[in-house]
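target_22.cif (mmCIF, C-alpha atoms)
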```cif
data_target
#
loop_
_atom_site.label_atom_id
_atom_site.label_comp_id
_atom_site.auth_asym_id
_atom_site.auth_seq_id
_atom_site.Cartn_x
_atom_site.Cartn_y
_atom_site.Cartn_z
CA MET S 1 108.85 34.67 -20.12
CA THR S 2 110.42 33.08 -17.05
CA ALA S 3 109.43 36.16 -15.06
CA VAL S 4 105.78 35.72 -16.02
CA LEU S 5 105.86 32.01 -15.19
CA ARG S 6 107.58 32.76 -11.91
CA ARG S 7 104.90 35.33 -11.09
CA ILE S 8 102.09 32.81 -11.83
CA GLY S 9 103.84 30.23 -9.73
CA ALA S 10 104.30 32.65 -6.84
CA LEU S 11 100.63 33.64 -6.95
CA THR S 12 99.52 29.99 -6.98
CA VAL S 13 101.78 29.03 -4.10
CA ASP S 14 100.65 32.06 -2.09
CA GLY S 15 97.03 31.23 -2.77
CA ILE S 16 97.47 27.66 -1.59
CA TRP S 17 99.33 28.86 1.52
CA TRP S 18 96.48 31.26 2.26
CA LEU S 19 93.87 28.53 1.80
CA GLY S 20 95.85 26.26 4.12
CA PHE S 21 96.16 29.00 6.73
CA ILE S 22 92.47 29.84 6.71
CA SER S 23 91.41 26.17 6.81
CA ARG S 24 93.71 25.49 9.76
CA PHE S 25 92.44 28.64 11.44
CA PHE S 26 88.85 27.48 10.87
CA ALA S 27 89.66 24.13 12.47
CA MET S 28 91.30 25.91 15.43
CA VAL S 29 88.25 28.14 15.91
CA LEU S 30 85.92 25.10 15.85
CA ILE S 31 88.13 23.17 18.30
CA HIS S 32 88.29 26.10 20.72
CA SER S 33 84.69 27.20 20.44
CA GLY S 34 83.52 25.22 23.45
CA GLN S 35 84.16 28.19 25.69
CA SER S 36 81.94 30.52 23.68
CA PHE S 37 78.97 28.28 24.50
CA ARG S 38 79.96 27.47 28.07
CA ARG S 39 80.44 31.17 28.82
CA LEU S 40 77.43 32.39 26.91
CA PRO S 41 77.73 36.12 27.88
CA LEU S 42 80.85 36.34 25.70
CA THR S 43 78.87 35.26 22.64
CA ILE S 44 75.78 37.27 23.58
CA ARG S 45 77.94 40.40 23.70
CA GLU S 46 79.14 39.68 20.15
CA ILE S 47 75.60 39.00 18.91
CA TYR S 48 74.78 42.43 20.27
CA PHE S 49 77.66 44.11 18.46
CA SER S 50 77.33 42.34 15.11
CA GLY S 51 73.61 41.55 15.08
CA VAL S 52 71.64 44.10 17.04
CA LEU S 53 73.70 47.06 15.87
CA SER S 54 73.34 45.94 12.22
CA LEU S 55 69.57 45.80 12.65
CA LEU S 56 68.88 49.35 11.54
CA ILE S 57 70.84 49.22 8.29
CA ILE S 58 69.39 45.80 7.45
CA VAL S 59 65.80 46.85 8.09
CA VAL S 60 66.10 50.14 6.20
CA SER S 61 67.92 48.55 3.24
CA GLY S 62 65.40 45.70 3.12
CA LEU S 63 62.54 48.16 3.05
CA PHE S 64 64.07 50.15 0.19
CA VAL S 65 64.99 47.06 -1.82
CA GLY S 66 61.38 45.93 -1.45
CA LEU S 67 60.06 49.33 -2.52
CA VAL S 68 62.25 49.32 -5.63
CA LEU S 69 61.28 45.73 -6.46
CA GLY S 70 57.65 46.71 -6.14
CA LEU S 71 58.02 49.62 -8.56
CA GLN S 72 60.16 47.82 -11.12
CA GLY S 73 58.22 44.57 -10.90
CA TYR S 74 54.91 46.37 -11.37
CA ASP S 75 56.28 48.30 -14.34
CA ILE S 76 57.25 45.09 -16.13
CA LEU S 77 54.37 42.85 -15.03
CA GLN S 78 51.59 45.26 -15.97
CA ARG S 79 52.81 45.13 -19.59
CA PHE S 80 51.72 41.50 -19.64
CA GLY S 81 48.56 42.19 -17.70
CA SER S 82 49.75 40.10 -14.77
CA SER S 83 50.33 42.71 -12.10
CA ASP S 84 48.66 40.33 -9.63
CA ALA S 85 51.85 38.28 -9.77
CA LEU S 86 53.78 41.13 -8.14
CA GLY S 87 53.73 39.33 -4.80
CA ILE S 88 55.34 36.23 -6.35
CA MET S 89 58.09 38.24 -7.96
CA VAL S 90 58.92 40.26 -4.85
CA ALA S 91 58.80 37.28 -2.48
CA LEU S 92 60.77 34.84 -4.63
CA SER S 93 63.53 37.26 -5.59
CA LEU S 94 63.93 38.31 -1.97
CA LEU S 95 63.76 34.86 -0.39
CA ARG S 96 65.98 33.11 -2.88
CA GLU S 97 68.60 35.69 -3.79
CA LEU S 98 68.39 39.28 -2.63
CA GLY S 99 67.63 38.62 1.02
CA PRO S 100 70.60 36.36 1.80
CA VAL S 101 73.06 38.06 -0.58
CA VAL S 102 72.39 41.74 0.10
CA ALA S 103 72.02 41.14 3.83
CA ALA S 104 75.36 39.29 3.82
CA LEU S 105 77.08 42.07 1.85
CA LEU S 106 75.75 44.67 4.30
CA PHE S 107 76.70 42.46 7.22
CA ALA S 108 80.25 42.09 5.89
CA SER S 109 80.76 45.82 5.56
CA ARG S 110 78.96 46.74 8.78
CA ALA S 111 79.96 43.98 11.22
CA GLY S 112 82.77 42.07 9.49
CA SER S 113 84.94 45.15 9.12
CA ALA S 114 84.35 46.09 12.76
CA VAL S 115 85.40 42.63 13.94
CA THR S 116 88.56 42.74 11.81
CA ALA S 117 89.43 46.20 13.12
CA GLU S 118 88.89 45.13 16.72
CA ILE S 119 90.98 41.98 16.52
CA GLY S 120 93.63 43.68 14.38
CA LEU S 121 93.98 46.50 16.89
CA MET S 122 94.20 44.00 19.74
CA LYS S 123 97.05 42.38 17.86
CA ALA S 124 98.75 45.71 17.08
CA THR S 125 98.61 46.74 20.74
CA GLU S 126 99.90 43.29 21.77
CA GLN S 127 96.82 42.39 23.77
CA LEU S 128 96.66 39.00 22.10
CA GLN S 129 100.25 38.19 23.13
CA ALA S 130 99.45 39.38 26.64
CA MET S 131 96.58 36.91 26.79
CA ASP S 132 98.89 34.15 25.62
CA MET S 133 101.32 35.06 28.40
CA MET S 134 98.51 34.74 30.93
CA ALA S 135 97.70 31.27 29.54
CA VAL S 136 94.40 32.54 28.08
CA ASN S 137 93.90 31.20 24.61
CA PRO S 138 93.11 34.24 22.43
CA ILE S 139 91.30 32.07 19.87
CA ALA S 140 88.94 30.71 22.50
CA ARG S 141 88.52 34.02 24.34
CA VAL S 142 88.48 36.58 21.50
CA VAL S 143 88.06 34.91 18.11
CA ALA S 144 85.50 32.13 18.63
CA PRO S 145 82.80 34.28 20.32
CA ARG S 146 83.01 36.81 17.49
CA PHE S 147 82.82 34.04 14.92
CA TRP S 148 79.74 32.44 16.51
CA GLY S 149 78.12 35.81 17.11
CA GLY S 150 78.31 36.46 13.37
CA VAL S 151 77.15 32.98 12.41
CA ILE S 152 74.09 33.20 14.68
CA SER S 153 73.19 36.76 13.65
CA MET S 154 73.41 36.33 9.90
CA PRO S 155 70.37 34.06 9.18
CA LEU S 156 68.20 36.15 11.51
CA LEU S 157 69.26 39.35 9.77
CA ALA S 158 68.60 37.83 6.33
CA ALA S 159 65.12 36.71 7.42
CA MET S 160 64.36 40.22 8.68
CA PHE S 161 65.68 41.68 5.43
CA SER S 162 63.35 39.45 3.37
CA ALA S 163 60.37 40.17 5.61
CA MET S 164 60.95 43.91 5.41
CA GLY S 165 61.43 43.66 1.65
CA ILE S 166 58.10 41.87 1.21
CA PHE S 167 56.52 44.54 3.40
CA GLY S 168 58.08 47.22 1.15
CA GLY S 169 56.80 45.50 -1.99
CA TRP S 170 53.35 45.32 -0.38
CA LEU S 171 53.49 49.03 0.47
CA ILE S 172 54.23 50.00 -3.13
CA GLY S 173 52.10 47.36 -4.84
CA VAL S 174 48.97 47.31 -2.71
CA VAL S 175 48.93 50.61 -0.81
CA ALA S 176 50.43 52.97 -3.37
CA ILE S 177 49.57 51.44 -6.77
CA GLY S 178 46.47 49.49 -5.92
CA VAL S 179 47.17 45.86 -6.78
CA ASP S 180 44.49 43.71 -5.18
CA ASN S 181 45.50 42.82 -1.63
CA GLY S 182 44.06 39.31 -1.71
CA ALA S 183 45.65 38.46 -5.06
CA PHE S 184 49.01 39.79 -3.85
CA TRP S 185 49.12 37.45 -0.84
CA SER S 186 47.32 34.42 -2.27
CA GLN S 187 49.47 34.28 -5.41
CA MET S 188 52.55 34.66 -3.23
CA GLN S 189 51.45 31.87 -0.91
CA ALA S 190 50.68 29.58 -3.82
CA ALA S 191 54.10 30.12 -5.38
CA VAL S 192 56.39 30.19 -2.34
CA ASP S 193 57.20 26.75 -1.00
CA PHE S 194 58.45 26.56 2.59
CA ARG S 195 61.00 23.81 2.08
CA TYR S 196 62.16 24.88 -1.37
CA ASP S 197 62.33 28.67 -1.03
CA VAL S 198 62.37 29.68 2.63
CA VAL S 199 64.60 26.91 3.98
CA ASN S 200 67.02 27.19 1.07
CA GLY S 201 67.31 30.93 1.72
CA VAL S 202 68.07 30.28 5.38
CA ILE S 203 70.72 27.70 4.42
CA LYS S 204 72.29 30.23 2.08
CA SER S 205 72.42 32.95 4.72
CA PHE S 206 73.92 30.50 7.22
CA VAL S 207 76.70 29.59 4.77
CA PHE S 208 77.33 33.29 4.08
CA GLY S 209 77.42 33.93 7.83
CA VAL S 210 80.14 31.29 8.28
CA ALA S 211 82.14 32.65 5.32
CA VAL S 212 81.94 36.32 6.33
CA SER S 213 82.65 35.70 10.01
CA LEU S 214 85.56 33.39 9.22
CA ILE S 215 87.14 35.87 6.81
CA ALA S 216 86.63 38.73 9.27
CA VAL S 217 88.23 37.01 12.26
CA PHE S 218 90.99 35.50 10.13
CA GLU S 219 92.02 38.78 8.51
CA GLY S 220 92.04 40.47 11.91
CA PHE S 221 94.12 37.72 13.47
CA ASP S 222 96.46 37.51 10.50
CA CYS S 223 97.10 41.24 9.94
CA GLN S 224 100.40 43.07 10.19
CA PRO S 225 100.43 44.59 13.69
CA THR S 226 100.71 48.15 12.45
CA ALA S 227 98.19 50.90 11.70
CA GLU S 228 98.66 50.35 7.98
CA GLY S 229 98.39 46.58 8.36
CA VAL S 230 95.07 46.89 10.22
CA SER S 231 93.64 49.16 7.53
CA ARG S 232 94.74 46.71 4.81
CA ALA S 233 93.20 43.83 6.70
CA ILE S 234 89.85 45.64 6.88
CA THR S 235 89.95 46.27 3.13
CA ARG S 236 90.75 42.61 2.53
CA THR S 237 87.84 41.57 4.76
CA VAL S 238 85.29 43.61 2.85
CA VAL S 239 86.59 42.70 -0.62
CA GLY S 240 87.18 39.05 0.23
CA SER S 241 83.78 38.64 1.89
CA ALA S 242 81.98 40.22 -1.07
CA LEU S 243 83.74 37.92 -3.53
CA ALA S 244 83.18 34.88 -1.31
CA ILE S 245 79.47 35.68 -0.93
CA LEU S 246 78.89 36.10 -4.65
CA ALA S 247 80.90 33.02 -5.61
CA LEU S 248 79.25 30.86 -2.92
CA ASP S 249 75.86 32.18 -3.98
CA PHE S 250 76.42 30.95 -7.51
CA VAL S 251 77.53 27.52 -6.28
CA LEU S 252 74.63 27.18 -3.83
CA THR S 253 72.08 28.39 -6.36
CA SER S 254 73.27 25.92 -8.96
CA PHE S 255 72.80 23.10 -6.44
CA MET S 256 69.50 24.30 -4.97
CA PHE S 257 67.51 25.74 -7.87
CA ARG S 258 68.25 23.78 -10.98
CA GLY S 259 64.56 23.62 -11.77
CA LEU S 260 64.50 19.82 -11.46
CA MET R 1 76.49 48.45 28.91
CA SER R 2 75.14 46.40 31.77
CA ARG R 3 74.47 42.73 31.43
CA THR R 4 70.67 42.93 31.65
CA THR R 5 70.22 45.60 28.95
CA LEU R 6 72.54 43.62 26.67
CA ASP R 7 70.51 40.47 27.22
CA LEU R 8 67.32 42.38 26.60
CA TRP R 9 68.52 43.72 23.25
CA VAL R 10 69.87 40.37 22.12
CA GLY R 11 66.66 38.67 23.19
CA LEU R 12 64.65 41.22 21.24
CA PHE R 13 66.90 40.71 18.22
CA VAL R 14 66.54 36.92 18.27
CA ALA R 15 62.78 37.18 18.81
CA LEU R 16 62.46 39.57 15.87
CA GLY R 17 64.54 37.27 13.69
CA PHE R 18 62.34 34.29 14.48
CA ALA R 19 59.23 36.42 14.03
CA ALA R 20 60.49 37.30 10.54
CA LEU R 21 61.07 33.60 9.81
CA VAL R 22 57.57 32.70 11.00
CA PHE R 23 56.17 35.52 8.86
CA LEU R 24 58.02 34.18 5.82
CA ALA R 25 56.89 30.63 6.51
CA THR R 26 53.21 31.33 7.14
CA LYS R 27 52.25 34.59 5.49
CA ALA R 28 54.58 34.56 2.46
CA GLY R 29 54.91 30.80 1.99
CA SER R 30 52.53 27.92 2.25
CA TYR R 31 53.73 25.93 5.21
CA SER R 32 50.35 24.24 5.47
CA GLY R 33 51.09 22.21 2.34
CA LEU R 34 50.64 18.49 2.72
CA ALA R 35 53.41 16.73 4.58
CA SER R 36 54.84 13.99 2.42
CA GLY R 37 54.74 11.59 5.37
CA ARG R 38 50.95 11.62 5.52
CA ALA R 39 50.14 11.59 1.82
CA TYR R 40 49.02 8.45 0.01
CA THR R 41 50.48 7.63 -3.37
CA VAL R 42 48.74 6.39 -6.49
CA GLU R 43 50.18 5.70 -9.92
CA ALA R 44 48.87 6.58 -13.34
CA SER R 45 50.44 5.85 -16.71
CA PHE R 46 50.06 8.14 -19.70
CA ASP R 47 50.91 7.85 -23.39
CA ASN R 48 52.27 11.37 -23.34
CA ILE R 49 52.72 13.69 -20.39
CA GLY R 50 53.67 16.76 -22.42
CA GLY R 51 55.54 19.21 -20.19
CA LEU R 52 54.46 17.82 -16.82
CA LYS R 53 57.12 18.18 -14.11
CA ALA R 54 57.60 16.69 -10.68
CA LYS R 55 55.97 18.82 -7.94
CA ALA R 56 53.27 19.96 -10.36
CA PRO R 57 49.86 20.35 -8.72
CA VAL R 58 47.14 17.69 -8.77
CA LYS R 59 43.70 19.26 -8.85
CA SER R 60 40.16 18.04 -8.72
CA ALA R 61 37.36 20.46 -9.55
CA GLY R 62 40.05 23.14 -9.46
CA VAL R 63 41.05 22.47 -5.85
CA LEU R 64 44.62 21.46 -5.02
CA VAL R 65 44.47 17.88 -3.70
CA GLY R 66 48.07 16.73 -4.13
CA ARG R 67 51.35 16.96 -5.99
CA VAL R 68 53.18 14.97 -8.66
CA ALA R 69 55.81 13.03 -6.72
CA ASP R 70 57.79 11.32 -9.42
CA ILE R 71 57.80 10.72 -13.18
CA ARG R 72 59.52 7.79 -14.85
CA PHE R 73 59.48 5.99 -18.17
CA ASP R 74 58.31 2.38 -18.22
CA VAL R 75 60.40 0.38 -20.69
CA GLN R 76 57.89 -2.50 -20.86
CA SER R 77 54.89 -0.49 -22.00
CA TYR R 78 56.76 2.57 -23.34
CA ARG R 79 54.48 4.79 -21.32
CA ALA R 80 55.16 7.48 -18.74
CA VAL R 81 54.37 6.42 -15.18
CA VAL R 82 53.44 9.33 -12.91
CA LYS R 83 53.31 8.97 -9.14
CA LEU R 84 50.80 11.24 -7.43
CA ASP R 85 50.96 12.17 -3.74
CA LEU R 86 47.39 12.85 -2.64
CA ASP R 87 46.14 14.53 0.51
CA PRO R 88 44.56 11.88 2.77
CA ARG R 89 41.69 14.25 3.54
CA TYR R 90 40.41 13.58 0.04
CA GLN R 91 39.34 10.10 -1.11
CA PHE R 92 38.67 9.28 -4.74
CA PRO R 93 36.68 6.43 -6.31
CA ARG R 94 38.61 3.66 -8.04
CA ASP R 95 37.34 4.64 -11.49
CA THR R 96 38.71 8.19 -11.26
CA ILE R 97 40.01 9.57 -14.56
CA ALA R 98 43.40 11.33 -14.54
CA THR R 99 43.91 13.94 -17.24
CA ILE R 100 46.87 16.17 -17.98
CA LEU R 101 45.63 19.72 -18.35
CA THR R 102 47.19 23.10 -18.94
CA ALA R 103 46.47 26.15 -16.79
CA GLY R 104 45.59 28.77 -19.37
CA LEU R 105 46.94 28.67 -22.89
CA LEU R 106 50.60 28.94 -21.93
CA GLY R 107 50.47 28.06 -18.25
CA GLU R 108 52.04 25.18 -16.37
CA GLN R 109 50.68 21.69 -16.78
CA TYR R 110 48.92 19.87 -13.97
CA VAL R 111 47.05 16.62 -13.38
CA GLY R 112 43.28 16.87 -13.15
CA LEU R 113 41.30 14.14 -11.38
CA GLU R 114 37.72 13.48 -12.39
CA PRO R 115 35.97 11.22 -9.87
CA GLY R 116 33.86 8.37 -11.17
CA GLY R 117 31.02 6.57 -9.46
CA ASP R 118 32.68 3.51 -7.87
CA SER R 119 32.00 2.97 -4.18
CA ASP R 120 35.54 1.65 -3.51
CA VAL R 121 38.17 4.34 -2.99
CA LEU R 122 41.77 4.56 -4.19
CA LYS R 123 44.30 3.36 -1.63
CA ASN R 124 48.03 3.85 -1.21
CA GLY R 125 49.86 2.15 -4.10
CA ASP R 126 46.78 1.80 -6.32
CA ARG R 127 46.80 2.48 -10.01
CA ILE R 128 44.51 4.83 -11.92
CA THR R 129 43.60 2.87 -15.04
CA MET R 130 41.75 5.52 -17.02
CA THR R 131 44.01 8.33 -18.16
CA GLN R 132 43.98 10.95 -20.82
CA SER R 133 47.25 12.29 -22.22
CA ALA R 134 48.38 15.84 -22.58
CA VAL R 135 47.21 17.73 -25.62
CA VAL R 136 50.27 18.46 -27.72
CA LEU R 137 49.60 21.68 -29.55
CA GLU R 138 51.87 20.87 -32.51
CA LYS R 139 50.07 17.53 -33.09
CA LEU R 140 46.71 19.24 -32.92
CA ILE R 141 47.72 21.85 -35.47
CA GLY R 142 49.29 19.14 -37.65
CA GLN R 143 46.08 17.10 -37.60
CA PHE R 144 44.02 20.16 -38.41
CA MET R 145 46.25 21.01 -41.38
CA PHE R 146 46.12 17.40 -42.57
CA ASN R 147 42.32 17.32 -42.41
CA LYS R 148 42.10 20.63 -44.23
CA ALA R 149 44.42 19.40 -46.95
CA ALA R 150 42.45 16.13 -47.26
CA GLU R 151 39.08 17.80 -47.71
CA SER R 152 40.10 20.72 -49.89
CA PRO R 153 40.26 18.89 -53.32
CA SER R 154 36.63 17.71 -53.01
CA GLN R 155 35.38 21.22 -52.23
CA PRO R 156 35.62 23.07 -55.59
#
```
Once you've parsed the file, please lay out its structure as structure tokens.
Amino acid sequence: MTAVLRRIGALTVDGIWWLGFISRFFAMVLIHSGQSFRRLPLTIREIYFSGVLSLLIIVVSGLFVGLVLGLQGYDILQRFGSSDALGIMVALSLLRELGPVVAALLFASRAGSAVTAEIGLMKATEQLQAMDMMAVNPIARVVAPRFWGGVISMPLLAAMFSAMGIFGGWLIGVVAIGVDNGAFWSQMQAAVDFRYDVVNGVIKSFVFGVAVSLIAVFEGFDCQPTAEGVSRAITRTVVGSALAILALDFVLTSFMFRGL
Amino acid sequence: MSRTTLDLWVGLFVALGFAALVFLATKAGSYSGLASGRAYTVEASFDNIGGLKAKAPVKSAGVLVGRVADIRFDVQSYRAVVKLDLDPRYQFPRDTIATILTAGLLGEQYVGLEPGGDSDVLKNGDRITMTQSAVVLEKLIGQFMFNKAAESPSQP
């Protein structure tokens, strides 16, 4: 009995320690992020590595998600004789949920894990300490540009994911199945509100970008400086980001879309 | 990778991202909806608004002319007061009739405006005096049953 209680207590204390660490780390990154905007090439390089190189997987996944939504949505909607509403279904599910969430999950496994591996390896090979010795702040020089690169890339990637998904739904619905082109777009335009659907989706993807980038740089910076430690940190990044994205998505959705 | 190619790729990436956003805003969404800053507001009170919700469309002759801005309950008259944001491109006479209608049998409810013949037009803050409440299906069926029951003994 005492052992169980002790275990619960240990887990709680560890969790609170971890939360404190990551919050302090977040504050440190924000304080030292001036350099990543003064020396813009540092950040641009990170946008290239996390954003541009994730482009292919995001675009291809978005297209396939849209294709599947088109098929499944048509299958269900035509039972009620409302296959014209396919555009609404594809656009709203992508803009509100699938776009930000799936793009963020892909981003976490494609770019987040790479960032963790890079920073973790720098720590394992003592490059971060070397920077400290040379009076270069590793948070300002290494961590903050990667953080901001991720934060800037994420909303753009999510927007591209949604746009490609709508294109995929259009391909299946209009080109392959033969839903009326005008009805597809006009119903979509009547149902999708810019402020309510598009902007809320962008806000979501921005929040996910902050969460994923923060977890990625923190796990890299915090890892055990060994080969095994780096591999564990990468696992923790992917798992932690996925959980954070899904939990944050629920919280954000319950604030944004409570149907008035 | 040299600096210029890197910049080129990142520039392309950012441009594509914004292009996607513009596509979502214009082609998928309706950005051209009326800006709430320009709209003029009129009030109408109803005995019963049925299932009307805020942001429901306001239509006249089937054309979208505004949105329901706000719904509240007036404790003095025990009626529902509905605020309508109307597009300033469209002016309506003062004796316009506001009706709560349903799109299709099971569709969403919206406010229909039927213009009258007055030469004065509705201005910001005005009140539509002639209104017609939502048709509540249960009441309608109840009335029908009641009428049927009332007339049936005299029939045989």
With the cut-off set at 6 Å and counting only C-alpha atoms, tabulate each residue of chain S with an atom at most that distance from an atom of chain R, showing the nearest atom pair and its distance in Å to one decimal, ordered by chain and increasing number, as a Markdown table.
```
| residue | atom | partner | partner_atom | distance |
| --- | --- | --- | --- | --- |
| S:Tyr48 | CA | R:Val10 | CA | 5.6 |
| S:Val52 | CA | R:Phe13 | CA | 5.9 |
| S:Leu156 | CA | R:Gly17 | CA | 4.4 |
| S:Ala159 | CA | R:Ala20 | CA | 5.6 |
| S:Met160 | CA | R:Ala20 | CA | 5.2 |
| S:Ala163 | CA | R:Ala20 | CA | 5.7 |
| S:Gln189 | CA | R:Gly29 | CA | 4.6 |
| S:Val192 | CA | R:Gly29 | CA | 4.6 |
| S:Asp193 | CA | R:Gly29 | CA | 5.5 |
| S:Phe194 | CA | R:Tyr31 | CA | 5.4 |
```
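Every protein, DNA or RNA residue with an atom at most 10 Å from Met256 (chain S), where all atoms listed in the file count and chain neighbours fewer than 4 positions away do not, is listed here: Arg96, Tyr196, Asp197, Asn200, Gly201, Lys204, Phe250, Val251, Leu252 and Leu260 of chain S.
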Counting only C-alpha atoms, the residue among S:Gly20, S:Pro155, S:Gly150, S:Gly15 that lies closest to Ser113 (chain S) is S:Gly150
Find, counting only C-alpha atoms, the residue in R:Val81, R:Leu52, R:Ala44, R:Val121 that gets nearest to Val136 (chain R).
->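 Nearest to Val136 (chain R): R:Leu52.
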Give as an NGL selection string the set of residues within 12 Å of the point (82.0, 34.7, 25.3), where distances use the file's coordinates and all atoms listed in the file.
-> :S and (32-48 or 138-149)
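Between CA of Ala158 (chain S) and CA of Pro100 (chain S) lies a distance of 5.2 Å.
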So which residues get picked by the PyMOL selection byres ((chain S and resi 210) around 12) here, written as an NGL selection string?
-> :S and (26 or 29-30 or 104 or 107-108 or 112 or 144 or 146-155 or 203-209 or 211-218 or 241 or 244-245 or 248)
Expand the PyMOL selection byres ((chain R and resi 98) around 12) into the individual residues it matches in the shown file, reporting them as a PyMOL selection string.
-> chain R and resi 42-46+49+58-60+68+82-84+92-97+99-101+110-116+127-134
From the list R:Asn48, R:Asn147, R:Gln91, R:Gln76, which residue is nearest Asp120 (chain R) when using all atoms listed in the file?
-> R:Gln91
Given the PyMOL selection byres ((chain R and resi 137) around 12), the residues it picks as a PyMOL selection string = chain R and resi 50-51+102+105-106+134-136+138-144
Within 12 Å of Val179 (chain S) using all atoms listed in the file, minus same-chain residues under 4 positions, as a list in words | Gly70, Leu71, Gly73, Tyr74, Leu77, Gln78, Gly81, Ser82, Ser83, Asp84, Ala85, Leu86, Gly87, Gly169, Trp170, Leu171, Ile172, Gly173, Val174, Val175, Ala183, Phe184, Trp185 and Gln187 of chain S
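Between Thr41 (chain R) and the residues R:Ala103, R:Ala61, R:Ala69, R:Ala56, the shortest atom-to-atom distance, using only C-alpha atoms, involves R:Ala69.
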How many Å separate CA of Ala130 (chain S) from CA of Arg236 (chain S)?
->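 CA of Arg236 (chain S) lies at a distance of 25.8 Å from CA of Ala130 (chain S).
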What is the CA of Gly168 (chain S)-CA of Val90 (chain S) distance in Å, reported with one decimal?
->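 Separation between CA of Gly168 (chain S) and CA of Val90 (chain S): 9.2 Å.
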So which residues touch region 122-124 of chain S within 10 Å, counting only C-alpha atoms, skipping near sequence neighbours fewer than 5 positions away, as a PyMOL selection string?
-> chain S and resi 116-117+129-130+142+220-227+229-230
